[in-house]
Amino acid sequence: MNPSSTLSIVIPAYNEAATIHRILDRVRAVELIGGLEKELLIINDCSTDDTEGAVQRYTSQHPELNIRYHRHPVNLGKGAALHSGIRLATGEYLIIQDADLEYDPQEYNELLQPILDGFADVVYGSRFQGSKPHRILFFWHTIGNKFLTTLSNAFNNLNLTDMETCYKLFRTRQLQSLHLVEQRFGFEPEVTAKISRIPGIRIYEVGISYYGRTYKEGKKIGWRDGFRAIYCILKYGG
């Protein structure tokens with residue numbers, strides 16, 4: 001497959017057996033602009049449920065999809081799963097897609113547009129701008145996200161509105177050129193700090209919708225990850 005015509009979609013998965021087929025259906029339904037093809041990289045971070053079986057069944061039912069599956073032998077964290085997906089990606093462009101249902105793959109094209117138009121190298125999808133639907137959830141999570149984004153902006157001289165967003169679209173070679181080490185949710189501030197230091201990098205942001213989950217519905221990030229994010233901003237920023 002010609003790498004210049006491919007979007008690599010990295011999907012970290014941990015105990016997502018109940019929903020992963022639904023997000024794969026949504027990714028499959030997307031018609032990408034610019035004639036781009038899709039490469040799906042599913043990284044199973046040593047799930048304890050039947051995530052592996054769910055992926056294998058889906059792959060056998062949809063042989064037309066370019067699905068590449070990789071399983072960690074031990075649980076390493078979301079950041080480590082992303083590292084594996086980034087390393088294995090072959091497309092010219094790469095986007096991160098959580099295996100839950102919080103983000104809408106139909107919005108890939110809105111993130112791709114600034115890159116394909118020649119304006120951007122990196123595009124973040126912001127949950128805090130635009131008129132798209134957003135589920136109303138946790139007050140302190142919102143305050144925490146905005147605090148972390150502001151702190152990251154101060155250290156990296158950016159003006160993002162949502163540094164912690166899942167939807168980040170990159171030129172794959174630029175992302176692969178970074179030495180990324182954070183194995184859990186510290187990935188977000190680390191990659192933001194390091195990508196912002198590539199000379200001449202052009203970072204854009206577009207508004208996206210957000211269908212957030214509660215902890216009962218499977219949300220995994222907690223307050224300890226917030227403290228780790230602060231540490232990573234201080235460590236990698238500046």
# chains A, B, ... in the order shown; residues from 1 in each chain; ligands from 1
$ residues_around --residues "A:Leu234" --least-positions-apart "2" --cutoff "12 Å" --atoms "only C-alpha atoms" --output "count of residues only"
20
$ residues_around --residues "stretch 93-107 of chain A" --least-positions-apart "2" --cutoff "6 Å" --atoms "only C-alpha atoms" --output "list in words"
Leu7, Ser8, Ile9, Val10, Ile11, Ala13, Ile20, Val27, Val30, Gly91, Asn109, Glu110, Tyr167, Lys168, Leu169, Phe170, Arg171, Thr172, Tyr210, Tyr211 and Gly212 of chain A
$ write_last_selection --atoms "C-alpha atoms" --output "PDB file, in the first residue's frame"
ATOM      1  CA  LEU A   7      -4.095   7.312   7.415  1.00  0.00           C
ATOM      2  CA  SER A   8      -2.787   5.121  10.234  1.00  0.00           C
ATOM      3  CA  ILE A   9      -5.366   4.903  13.036  1.00  0.00           C
ATOM      4  CA  VAL A  10      -3.780   3.810  16.322  1.00  0.00           C
ATOM      5  CA  ILE A  11      -6.304   2.256  18.710  1.00  0.00           C
ATOM      6  CA  ALA A  13      -7.308  -1.059  23.919  1.00  0.00           C
ATOM      7  CA  ILE A  20     -14.474  -2.300  20.486  1.00  0.00           C
ATOM      8  CA  VAL A  27     -14.065   3.720  11.786  1.00  0.00           C
ATOM      9  CA  VAL A  30     -15.730   6.694   7.468  1.00  0.00           C
ATOM     10  CA  GLY A  91       0.797   5.688   6.672  1.00  0.00           C
ATOM     11  CA  ASN A 109     -11.866  14.583   7.815  1.00  0.00           C
ATOM     12  CA  GLU A 110     -12.180  17.831   9.747  1.00  0.00           C
ATOM     13  CA  TYR A 167      -7.739  13.281  18.793  1.00  0.00           C
ATOM     14  CA  LYS A 168      -4.286  14.301  17.681  1.00  0.00           C
ATOM     15  CA  LEU A 169      -3.378  14.020  14.006  1.00  0.00           C
ATOM     16  CA  PHE A 170       0.286  13.983  12.950  1.00  0.00           C
ATOM     17  CA  ARG A 171       2.520  13.514   9.976  1.00  0.00           C
ATOM     18  CA  THR A 172       3.769  10.045  10.858  1.00  0.00           C
ATOM     19  CA  TYR A 210     -17.301  14.671  22.840  1.00  0.00           C
ATOM     20  CA  TYR A 211     -19.444  11.814  24.139  1.00  0.00           C
ATOM     21  CA  GLY A 212     -17.725  11.314  27.497  1.00  0.00           C
TER      22      GLY A 212
END
$ residues_around --residues "A:Lys132" --least-positions-apart "4" --cutoff "9 Å" --atoms "only C-alpha atoms" --output "JSON, numbers by chain"
{"A": [127, 207, 208, 209, 210]}
$ closest_residue --among "A:Glu39, A:Glu31, A:Glu188, A:Glu16" --to "A:Gly53" --atoms "only C-alpha atoms"
A:Glu16
$ residues_around --residues "A:Leu36" --least-positions-apart "4" --cutoff "7 Å" --atoms "only C-alpha atoms" --output "list in words"
Ser5, Thr6, Leu7 and Leu32 of chain A
$ select_by_dssp --residues "stretch 42-122 of chain A" --states "strand (DSSP E)" --output "ChimeraX atom specification"
/A:42-44,67-71,93-96,122
$ write_last_selection --atoms "N, CA and C atoms" --output "mmCIF file, in the first residue's frame"
data_model
loop_
_atom_site.group_PDB
_atom_site.id
_atom_site.type_symbol
_atom_site.label_atom_id
_atom_site.label_comp_id
_atom_site.auth_asym_id
_atom_site.auth_seq_id
_atom_site.Cartn_x
_atom_site.Cartn_y
_atom_site.Cartn_z
ATOM 1 N N ILE A 42 -4.455 -1.900 16.093
ATOM 2 C CA ILE A 42 -5.081 -2.155 17.385
ATOM 3 C C ILE A 42 -4.033 -2.722 18.325
ATOM 4 N N ILE A 43 -3.773 -1.997 19.417
ATOM 5 C CA ILE A 43 -2.750 -2.416 20.387
ATOM 6 C C ILE A 43 -3.459 -2.833 21.674
ATOM 7 N N ASN A 44 -3.488 -4.122 21.926
ATOM 8 C CA ASN A 44 -4.125 -4.674 23.119
ATOM 9 C C ASN A 44 -3.103 -4.672 24.256
ATOM 10 N N ILE A 67 -6.466 -4.292 9.040
ATOM 11 C CA ILE A 67 -6.322 -4.293 10.494
ATOM 12 C C ILE A 67 -5.030 -5.011 10.868
ATOM 13 N N ARG A 68 -4.210 -4.319 11.655
ATOM 14 C CA ARG A 68 -2.988 -4.933 12.193
ATOM 15 C C ARG A 68 -3.123 -4.982 13.712
ATOM 16 N N TYR A 69 -2.955 -6.178 14.260
ATOM 17 C CA TYR A 69 -3.193 -6.396 15.687
ATOM 18 C C TYR A 69 -1.882 -6.721 16.394
ATOM 19 N N HIS A 70 -1.698 -6.082 17.564
ATOM 20 C CA HIS A 70 -0.505 -6.326 18.367
ATOM 21 C C HIS A 70 -0.917 -6.410 19.829
ATOM 22 N N ARG A 71 -0.393 -7.380 20.550
ATOM 23 C CA ARG A 71 -0.748 -7.563 21.955
ATOM 24 C C ARG A 71 0.488 -7.455 22.838
ATOM 25 N N TYR A 93 0.051 9.789 7.424
ATOM 26 C CA TYR A 93 -0.587 10.512 8.520
ATOM 27 C C TYR A 93 -1.011 9.513 9.592
ATOM 28 N N LEU A 94 -1.109 10.014 10.824
ATOM 29 C CA LEU A 94 -1.459 9.143 11.951
ATOM 30 C C LEU A 94 -2.395 9.881 12.887
ATOM 31 N N ILE A 95 -3.454 9.190 13.318
ATOM 32 C CA ILE A 95 -4.375 9.737 14.308
ATOM 33 C C ILE A 95 -4.569 8.721 15.415
ATOM 34 N N ILE A 96 -4.797 9.221 16.633
ATOM 35 C CA ILE A 96 -5.044 8.371 17.789
ATOM 36 C C ILE A 96 -6.546 8.255 17.998
ATOM 37 N N VAL A 122 0.357 19.299 12.285
ATOM 38 C CA VAL A 122 -0.279 18.636 13.424
ATOM 39 C C VAL A 122 -1.630 19.305 13.640
#
$ atom_distance --atom1 "atom CA of A:Gly34" --atom2 "atom CA of A:Thr90"
17.3 Å
$ residues_around --residues "A:Val181" --least-positions-apart "4" --cutoff "12 Å" --atoms "only C-alpha atoms" --output "list in words"
Leu76, Gly77, Lys78, Gly79, Ala80, Ala81, Leu82, His83, Ser84, Phe185, Gly186, Phe187, Glu188, Pro189, Glu190, Val191, Lys194, Cys232, Lys235 and Tyr236 of chain A
$ residues_around --residues "A:Asp50" --least-positions-apart "6" --cutoff "10 Å" --atoms "only C-alpha atoms" --output "PDB file with N, CA, C and O atoms, in the first residue's frame"
ATOM      1  N   TYR A  14      -7.677  -1.541  26.232  1.00  0.00           N
ATOM      2  CA  TYR A  14      -7.524  -2.299  27.477  1.00  0.00           C
ATOM      3  C   TYR A  14      -8.910  -2.598  28.029  1.00  0.00           C
ATOM      4  O   TYR A  14      -9.642  -1.685  28.407  1.00  0.00           O
ATOM      5  N   ASN A  15      -9.289  -3.865  28.023  1.00  0.00           N
ATOM      6  CA  ASN A  15     -10.594  -4.320  28.516  1.00  0.00           C
ATOM      7  C   ASN A  15     -11.745  -3.579  27.827  1.00  0.00           C
ATOM      8  O   ASN A  15     -12.626  -3.020  28.470  1.00  0.00           O
ATOM      9  N   GLU A  16     -11.714  -3.602  26.500  1.00  0.00           N
ATOM     10  CA  GLU A  16     -12.750  -2.946  25.702  1.00  0.00           C
ATOM     11  C   GLU A  16     -13.549  -3.963  24.879  1.00  0.00           C
ATOM     12  O   GLU A  16     -14.099  -3.635  23.824  1.00  0.00           O
ATOM     13  N   ALA A  17     -13.646  -5.203  25.353  1.00  0.00           N
ATOM     14  CA  ALA A  17     -14.338  -6.248  24.593  1.00  0.00           C
ATOM     15  C   ALA A  17     -15.782  -5.878  24.294  1.00  0.00           C
ATOM     16  O   ALA A  17     -16.314  -6.220  23.238  1.00  0.00           O
ATOM     17  N   ALA A  18     -16.426  -5.166  25.208  1.00  0.00           N
ATOM     18  CA  ALA A  18     -17.848  -4.866  25.058  1.00  0.00           C
ATOM     19  C   ALA A  18     -18.127  -3.804  24.012  1.00  0.00           C
ATOM     20  O   ALA A  18     -19.237  -3.759  23.463  1.00  0.00           O
ATOM     21  N   GLN A  56     -10.248 -10.392  16.966  1.00  0.00           N
ATOM     22  CA  GLN A  56     -10.034 -11.476  16.004  1.00  0.00           C
ATOM     23  C   GLN A  56     -11.321 -11.808  15.255  1.00  0.00           C
ATOM     24  O   GLN A  56     -11.301 -12.025  14.037  1.00  0.00           O
TER      25      GLN A  56
END
$ atom_distance --atom1 "atom CA of A:Gln129" --atom2 "atom CA of A:Lys146"
12.1 Å
$ closest_residue --among "A:Gly118, A:Gly85, A:Gly35, A:Pro73" --to "A:Arg202" --atoms "only C-alpha atoms"
A:Gly118
$ atom_distance --atom1 "atom CA of A:Asp49" --atom2 "atom CA of A:His62"
21.8 Å
$ decode --residues "stretch 138-156 of chain A" --atoms "N, CA, C and O atoms" --output "PDB file, in the first residue's frame"
ATOM      1  N   PHE A 138     -18.045  16.025  34.454  1.00  0.00           N
ATOM      2  CA  PHE A 138     -17.413  16.335  35.726  1.00  0.00           C
ATOM      3  C   PHE A 138     -16.813  17.738  35.743  1.00  0.00           C
ATOM      4  O   PHE A 138     -15.927  18.055  34.955  1.00  0.00           O
ATOM      5  N   PHE A 139     -17.263  18.566  36.680  1.00  0.00           N
ATOM      6  CA  PHE A 139     -16.768  19.936  36.809  1.00  0.00           C
ATOM      7  C   PHE A 139     -15.261  19.947  37.040  1.00  0.00           C
ATOM      8  O   PHE A 139     -14.518  20.679  36.367  1.00  0.00           O
ATOM      9  N   TRP A 140     -14.785  19.156  37.997  1.00  0.00           N
ATOM     10  CA  TRP A 140     -13.367  19.221  38.351  1.00  0.00           C
ATOM     11  C   TRP A 140     -12.473  18.647  37.249  1.00  0.00           C
ATOM     12  O   TRP A 140     -11.320  19.057  37.108  1.00  0.00           O
ATOM     13  N   HIS A 141     -12.995  17.710  36.469  1.00  0.00           N
ATOM     14  CA  HIS A 141     -12.226  17.232  35.318  1.00  0.00           C
ATOM     15  C   HIS A 141     -12.028  18.359  34.310  1.00  0.00           C
ATOM     16  O   HIS A 141     -10.941  18.516  33.749  1.00  0.00           O
ATOM     17  N   THR A 142     -13.083  19.130  34.073  1.00  0.00           N
ATOM     18  CA  THR A 142     -12.972  20.243  33.132  1.00  0.00           C
ATOM     19  C   THR A 142     -11.972  21.285  33.627  1.00  0.00           C
ATOM     20  O   THR A 142     -11.119  21.764  32.876  1.00  0.00           O
ATOM     21  N   ILE A 143     -12.076  21.628  34.919  1.00  0.00           N
ATOM     22  CA  ILE A 143     -11.122  22.580  35.501  1.00  0.00           C
ATOM     23  C   ILE A 143      -9.706  22.030  35.407  1.00  0.00           C
ATOM     24  O   ILE A 143      -8.758  22.751  35.047  1.00  0.00           O
ATOM     25  N   GLY A 144      -9.557  20.738  35.702  1.00  0.00           N
ATOM     26  CA  GLY A 144      -8.232  20.118  35.626  1.00  0.00           C
ATOM     27  C   GLY A 144      -7.673  20.132  34.222  1.00  0.00           C
ATOM     28  O   GLY A 144      -6.492  20.460  34.012  1.00  0.00           O
ATOM     29  N   ASN A 145      -8.502  19.789  33.240  1.00  0.00           N
ATOM     30  CA  ASN A 145      -8.048  19.803  31.853  1.00  0.00           C
ATOM     31  C   ASN A 145      -7.611  21.198  31.417  1.00  0.00           C
ATOM     32  O   ASN A 145      -6.574  21.372  30.761  1.00  0.00           O
ATOM     33  N   LYS A 146      -8.390  22.192  31.782  1.00  0.00           N
ATOM     34  CA  LYS A 146      -8.046  23.562  31.381  1.00  0.00           C
ATOM     35  C   LYS A 146      -6.784  24.046  32.089  1.00  0.00           C
ATOM     36  O   LYS A 146      -5.961  24.750  31.493  1.00  0.00           O
ATOM     37  N   PHE A 147      -6.617  23.647  33.364  1.00  0.00           N
ATOM     38  CA  PHE A 147      -5.387  24.001  34.085  1.00  0.00           C
ATOM     39  C   PHE A 147      -4.171  23.365  33.415  1.00  0.00           C
ATOM     40  O   PHE A 147      -3.143  24.032  33.188  1.00  0.00           O
ATOM     41  N   LEU A 148      -4.266  22.071  33.091  1.00  0.00           N
ATOM     42  CA  LEU A 148      -3.134  21.378  32.469  1.00  0.00           C
ATOM     43  C   LEU A 148      -2.823  21.967  31.094  1.00  0.00           C
ATOM     44  O   LEU A 148      -1.652  22.123  30.734  1.00  0.00           O
ATOM     45  N   THR A 149      -3.863  22.310  30.342  1.00  0.00           N
ATOM     46  CA  THR A 149      -3.640  22.919  29.029  1.00  0.00           C
ATOM     47  C   THR A 149      -2.951  24.268  29.164  1.00  0.00           C
ATOM     48  O   THR A 149      -2.008  24.584  28.422  1.00  0.00           O
ATOM     49  N   THR A 150      -3.399  25.087  30.122  1.00  0.00           N
ATOM     50  CA  THR A 150      -2.792  26.403  30.325  1.00  0.00           C
ATOM     51  C   THR A 150      -1.338  26.271  30.748  1.00  0.00           C
ATOM     52  O   THR A 150      -0.459  26.996  30.253  1.00  0.00           O
ATOM     53  N   LEU A 151      -1.069  25.337  31.655  1.00  0.00           N
ATOM     54  CA  LEU A 151       0.309  25.117  32.106  1.00  0.00           C
ATOM     55  C   LEU A 151       1.182  24.644  30.949  1.00  0.00           C
ATOM     56  O   LEU A 151       2.312  25.132  30.765  1.00  0.00           O
ATOM     57  N   SER A 152       0.670  23.713  30.156  1.00  0.00           N
ATOM     58  CA  SER A 152       1.406  23.226  28.985  1.00  0.00           C
ATOM     59  C   SER A 152       1.662  24.366  27.997  1.00  0.00           C
ATOM     60  O   SER A 152       2.773  24.503  27.463  1.00  0.00           O
ATOM     61  N   ASN A 153       0.655  25.190  27.766  1.00  0.00           N
ATOM     62  CA  ASN A 153       0.833  26.325  26.857  1.00  0.00           C
ATOM     63  C   ASN A 153       1.935  27.258  27.330  1.00  0.00           C
ATOM     64  O   ASN A 153       2.749  27.760  26.534  1.00  0.00           O
ATOM     65  N   ALA A 154       1.959  27.521  28.642  1.00  0.00           N
ATOM     66  CA  ALA A 154       2.950  28.445  29.193  1.00  0.00           C
ATOM     67  C   ALA A 154       4.367  27.918  28.991  1.00  0.00           C
ATOM     68  O   ALA A 154       5.288  28.687  28.692  1.00  0.00           O
ATOM     69  N   PHE A 155       4.542  26.612  29.150  1.00  0.00           N
ATOM     70  CA  PHE A 155       5.879  26.033  29.024  1.00  0.00           C
ATOM     71  C   PHE A 155       6.288  25.816  27.572  1.00  0.00           C
ATOM     72  O   PHE A 155       7.483  25.766  27.264  1.00  0.00           O
ATOM     73  N   ASN A 156       5.290  25.667  26.676  1.00  0.00           N
ATOM     74  CA  ASN A 156       5.603  25.352  25.280  1.00  0.00           C
ATOM     75  C   ASN A 156       5.291  26.496  24.317  1.00  0.00           C
ATOM     76  O   ASN A 156       5.448  26.340  23.110  1.00  0.00           O
TER      77      ASN A 156
END
